[in-house]
file structure-v9.csv (CSV, C-alpha atoms)
chain,number,residue,atom,x,y,z
A,1,MET,CA,14.5,5.5,-7.9
A,2,LYS,CA,12.6,8.1,-9.8
A,3,GLU,CA,11.0,11.1,-8.1
A,4,LEU,CA,7.3,11.0,-7.7
A,5,PRO,CA,5.8,14.5,-7.8
A,6,ILE,CA,3.8,15.3,-4.7
A,7,ARG,CA,0.1,14.4,-4.7
A,8,PHE,CA,-2.5,15.7,-2.3
A,9,ILE,CA,-5.9,14.3,-1.3
A,10,THR,CA,-8.1,17.4,-1.0
A,11,SER,CA,-11.4,15.8,-0.5
A,12,PRO,CA,-13.5,17.2,2.4
A,13,PHE,CA,-14.5,13.6,3.3
A,14,ASN,CA,-15.6,13.0,6.9
A,15,GLN,CA,-12.6,11.8,8.9
A,16,GLU,CA,-14.8,9.7,11.1
A,17,LEU,CA,-15.9,7.5,8.2
A,18,ILE,CA,-12.4,6.7,7.1
A,19,PRO,CA,-10.1,7.0,10.2
A,20,LEU,CA,-6.9,6.5,8.2
A,21,GLN,CA,-6.5,8.9,5.3
A,22,MET,CA,-3.6,10.1,3.1
A,23,TYR,CA,-2.9,13.8,2.9
A,24,THR,CA,0.2,13.9,0.7
A,25,ILE,CA,2.5,11.4,-1.0
A,26,GLY,CA,5.5,11.6,-3.2
A,27,SER,CA,9.3,11.5,-3.3
A,28,ASN,CA,11.8,14.2,-3.9
A,29,GLN,CA,15.4,15.4,-3.5
A,30,GLN,CA,15.1,16.6,0.1
A,31,THR,CA,16.4,20.0,1.0
A,32,ALA,CA,16.6,21.5,4.5
A,33,ILE,CA,13.3,21.9,6.3
A,34,ASN,CA,12.6,23.5,9.6
A,35,ARG,CA,9.2,23.2,11.1
A,36,PRO,CA,9.2,24.7,14.6
A,37,LYS,CA,5.5,24.1,15.0
A,38,GLY,CA,5.4,20.7,13.3
A,39,PHE,CA,3.4,19.7,10.3
A,40,SER,CA,-0.4,19.4,10.0
A,41,ALA,CA,-0.3,15.6,9.5
A,42,THR,CA,1.8,12.7,10.7
A,43,GLN,CA,4.6,12.0,8.3
A,44,VAL,CA,6.3,8.7,7.3
A,45,PHE,CA,9.6,9.2,5.6
A,46,ILE,CA,11.7,6.6,3.7
A,47,THR,CA,15.2,7.3,2.6
A,48,LEU,CA,15.4,6.0,-1.0
A,49,SER,CA,19.1,7.1,-1.5
A,50,GLY,CA,21.6,9.4,0.2
A,51,SER,CA,21.4,10.4,3.8
A,52,GLY,CA,20.2,13.1,6.1
A,53,ARG,CA,19.9,14.3,9.6
A,54,ILE,CA,16.6,14.7,11.6
A,55,ARG,CA,16.0,16.5,14.8
A,56,VAL,CA,12.7,16.0,16.6
A,57,ASN,CA,11.5,18.3,19.4
A,58,GLY,CA,15.0,19.7,19.5
A,59,GLU,CA,16.1,16.6,21.4
A,60,SER,CA,17.1,13.8,19.1
A,61,ASP,CA,19.7,14.2,16.4
A,62,LEU,CA,19.7,11.2,14.2
A,63,VAL,CA,21.4,10.3,10.9
A,64,VAL,CA,19.0,8.6,8.4
A,65,LYS,CA,20.6,6.4,5.7
A,66,GLU,CA,19.3,4.6,2.7
A,67,GLN,CA,16.6,2.0,3.4
A,68,GLN,CA,15.7,3.5,6.7
A,69,ALA,CA,12.4,5.1,7.7
A,70,PHE,CA,11.2,7.5,10.4
A,71,ILE,CA,7.9,8.8,11.5
A,72,ILE,CA,7.1,12.3,12.8
A,73,TYR,CA,3.8,12.8,14.5
A,74,GLU,CA,1.5,15.7,13.7
A,75,GLY,CA,2.3,19.0,15.3
A,76,VAL,CA,5.7,17.9,16.7
A,77,PRO,CA,8.5,20.4,16.0
A,78,HIS,CA,11.2,19.0,13.8
A,79,GLU,CA,13.9,19.7,11.2
A,80,TYR,CA,15.7,17.6,8.7
A,81,PHE,CA,18.4,18.2,6.1
A,82,PRO,CA,20.8,16.4,3.8
A,83,ILE,CA,24.3,15.8,5.2
A,84,THR,CA,26.3,14.7,2.1
A,85,ASP,CA,27.0,16.1,-1.3
A,86,ASP,CA,25.0,13.2,-2.8
A,87,PRO,CA,21.3,13.9,-3.2
A,88,TRP,CA,19.1,12.8,-0.3
A,89,LEU,CA,16.1,11.2,-2.1
A,90,VAL,CA,13.2,10.8,0.3
A,91,GLY,CA,9.8,9.1,-0.1
A,92,PHE,CA,7.0,10.4,2.1
A,93,ILE,CA,3.4,9.8,3.0
A,94,SER,CA,1.5,12.1,5.4
A,95,LEU,CA,-1.5,10.7,7.3
A,96,ARG,CA,-4.6,12.2,8.7
A,97,GLY,CA,-7.6,10.7,10.4
A,98,ALA,CA,-9.2,10.0,13.7
A,99,SER,CA,-7.3,6.8,14.3
A,100,VAL,CA,-3.8,7.7,13.2
A,101,ALA,CA,-2.2,8.5,16.5
A,102,THR,CA,-3.8,5.5,18.3
A,103,MET,CA,-3.0,3.1,15.5
A,104,LEU,CA,0.7,4.1,15.4
A,105,ALA,CA,0.9,3.9,19.2
A,106,ASN,CA,-0.6,0.5,19.2
A,107,MET,CA,1.9,-0.6,16.5
A,108,GLU,CA,4.6,0.8,18.7
A,109,PHE,CA,5.9,3.3,16.2
A,110,HIS,CA,7.7,6.0,18.2
A,111,ASN,CA,8.1,9.6,17.2
A,112,GLY,CA,11.5,10.1,15.4
A,113,GLU,CA,12.5,6.5,15.8
A,114,LEU,CA,14.8,5.2,13.1
A,115,LEU,CA,13.5,2.0,11.4
A,116,ASP,CA,15.7,-0.3,9.4
A,117,ILE,CA,13.7,-1.7,6.4
A,118,HIS,CA,14.5,-5.3,5.5
A,119,ASN,CA,12.6,-5.6,2.1
A,120,PHE,CA,12.8,-2.1,0.8
A,121,GLU,CA,11.3,-2.8,-2.7
A,122,LYS,CA,8.2,-4.5,-1.3
A,123,LEU,CA,7.5,-1.6,1.0
A,124,TRP,CA,8.1,1.2,-1.6
A,125,ASN,CA,6.0,-0.7,-4.2
A,126,LEU,CA,3.1,-0.2,-1.8
A,127,GLY,CA,4.0,3.5,-1.7
A,128,GLU,CA,4.0,3.7,-5.4
A,129,GLN,CA,0.6,2.0,-5.6
A,130,ILE,CA,-0.8,4.6,-3.3
A,131,TRP,CA,0.8,7.4,-5.3
A,132,GLN,CA,-0.8,6.0,-8.5
A,133,ILE,CA,-4.3,5.8,-7.0
A,134,ALA,CA,-3.9,9.2,-5.4
A,135,GLU,CA,-4.0,10.8,-8.9
A,136,ASN,CA,-7.8,10.8,-8.5
A,137,ASN,CA,-9.5,12.3,-5.5
A,138,GLY,CA,-12.8,10.3,-5.9
A,139,THR,CA,-14.6,8.6,-3.1
A,140,GLU,CA,-13.7,5.1,-4.2
A,141,GLU,CA,-10.0,6.1,-4.3
A,142,LEU,CA,-10.2,7.3,-0.7
A,143,TRP,CA,-11.3,3.9,0.4
A,144,GLN,CA,-8.7,2.1,-1.7
A,145,ILE,CA,-5.9,4.4,-0.4
A,146,SER,CA,-7.0,3.8,3.2
A,147,VAL,CA,-6.7,0.0,2.8
A,148,LEU,CA,-3.3,0.4,1.2
A,149,LEU,CA,-2.2,2.8,3.9
A,150,TYR,CA,-3.0,0.2,6.6
A,151,THR,CA,-1.2,-2.5,4.5
A,152,PHE,CA,1.8,-0.1,4.2
A,153,LEU,CA,1.9,0.5,8.0
A,154,LEU,CA,1.6,-3.2,8.7
A,155,GLU,CA,4.3,-4.0,6.2
A,156,LEU,CA,6.6,-1.3,7.7
A,157,ARG,CA,6.0,-2.7,11.2
A,158,LYS,CA,6.6,-6.3,10.0
A,159,GLN,CA,9.8,-5.4,8.3
A,160,THR,CA,11.2,-3.3,11.2
A,161,THR,CA,10.6,-5.7,14.0
A,162,ASN,CA,12.0,-9.1,15.0
A,163,PHE,CA,8.6,-10.5,16.0
A,164,SER,CA,7.9,-14.1,15.2
A,165,TYR,CA,5.3,-16.5,16.3
A,166,GLN,CA,5.3,-20.3,16.5
A,167,PRO,CA,2.1,-21.9,17.6
A,168,PRO,CA,2.5,-24.3,20.5
A,169,LYS,CA,2.9,-27.9,19.4
A,170,VAL,CA,0.0,-30.1,20.4
A,171,ASN,CA,0.3,-33.8,20.9
A,172,ASN,CA,-2.9,-34.8,19.3
A,173,SER,CA,-2.8,-38.4,20.4
A,174,LYS,CA,-2.6,-37.4,24.1
A,175,SER,CA,-5.3,-34.9,23.7
A,176,CYS,CA,-7.6,-37.4,22.1
A,177,GLU,CA,-6.8,-40.0,24.8
A,178,ALA,CA,-7.7,-37.4,27.5
A,179,ILE,CA,-11.0,-36.5,25.8
A,180,LEU,CA,-11.9,-40.2,25.4
A,181,GLU,CA,-11.0,-40.9,29.0
A,182,HIS,CA,-13.2,-38.0,30.1
A,183,VAL,CA,-16.1,-39.0,27.9
A,184,THR,CA,-16.1,-42.6,29.0
A,185,THR,CA,-16.2,-41.6,32.7
A,186,ILE,CA,-19.3,-39.6,32.2
call {"tool": "encode", "arguments": {"input": "structure-v9.csv", "output": "structure tokens"}}
result
Amino acid sequence: MKELPIRFITSPFNQELIPLQMYTIGSNQQTAINRPKGFSATQVFITLSGSGRIRVNGESDLVVKEQQAFIIYEGVPHEYFPITDDPWLVGFISLRGASVATMLANMEFHNGELLDIHNFEKLWNLGEQIWQIAENNGTEELWQISVLLYTFLLELRKQTTNFSYQPPKVNNSKSCEAILEHVTTI
């Protein structure tokens, strides 16, 4: 994986109009970071290679490995650092907007939870698409990025859950017979 230099969205666009916005995106060789007051946006991290350790709220102490993700909510104290001699390459997207916390809660993403990614390439390709569009800070790009951020979060949830749905089987012949019987008695 290549490093993607950090990109910022610096538009003063109204957060109410686009409730899911990107603040930063990129990937880098992660060094030790300690944020006792948290960060000004919710962050999604994906380990591209290597491994590291995260501590959230001074409570959890988790090892993050390749093809795992974690989310740290805005303003939550945390620290993270590499734990091996091999470089810890981390992809990141930070999110802002009026609906971020509600959306993540509804998708059952928990603060500091480790997420095993099943189709890493598909997910990170979405991240790279967002990074490419983020080169421009125009209004149209803000809308495109919001759509891709939502797609990214849905894909992350889909890949890190065991949810499956099978519609109930309907015996059409019995349903039709019941309807015909009901209609003929009217």
call {"tool": "residues_around", "arguments": {"input": "structure-v9.csv", "residues": "Ile117 in chain A", "least_positions_apart": "4", "cutoff": "9 Å", "atoms": "all atoms listed in the file", "output": "PyMOL selection string"}}
result
chain A and resi 46+67-69+123+156+159-160
call {"tool": "atom_distance", "arguments": {"input": "structure-v9.csv", "atom1": "CA of Glu66 in chain A", "atom2": "CA of Leu95 in chain A"}}
result
22.2 Å
call {"tool": "residues_around", "arguments": {"input": "structure-v9.csv", "residues": "range 55-57 of chain A", "least_positions_apart": "4", "cutoff": "10 Å", "atoms": "only C-alpha atoms", "output": "NGL selection string"}}
result
:A and (34-38 or 61-63 or 72-73 or 76-81 or 111-113)
call {"tool": "atom_distance", "arguments": {"input": "structure-v9.csv", "atom1": "CA of Ile9 in chain A", "atom2": "CA of Lys65 in chain A"}}
result
28.5 Å
call {"tool": "residues_around", "arguments": {"input": "structure-v9.csv", "residues": "Leu149 in chain A", "least_positions_apart": "2", "cutoff": "8 Å", "atoms": "only C-alpha atoms", "output": "VMD selection string"}}
result
chain A and resid 20 to 22 130 145 to 147 151 to 153
call {"tool": "atom_distance", "arguments": {"input": "structure-v9.csv", "atom1": "CA of Phe39 in chain A", "atom2": "CA of Ser94 in chain A"}}
result
9.2 Å
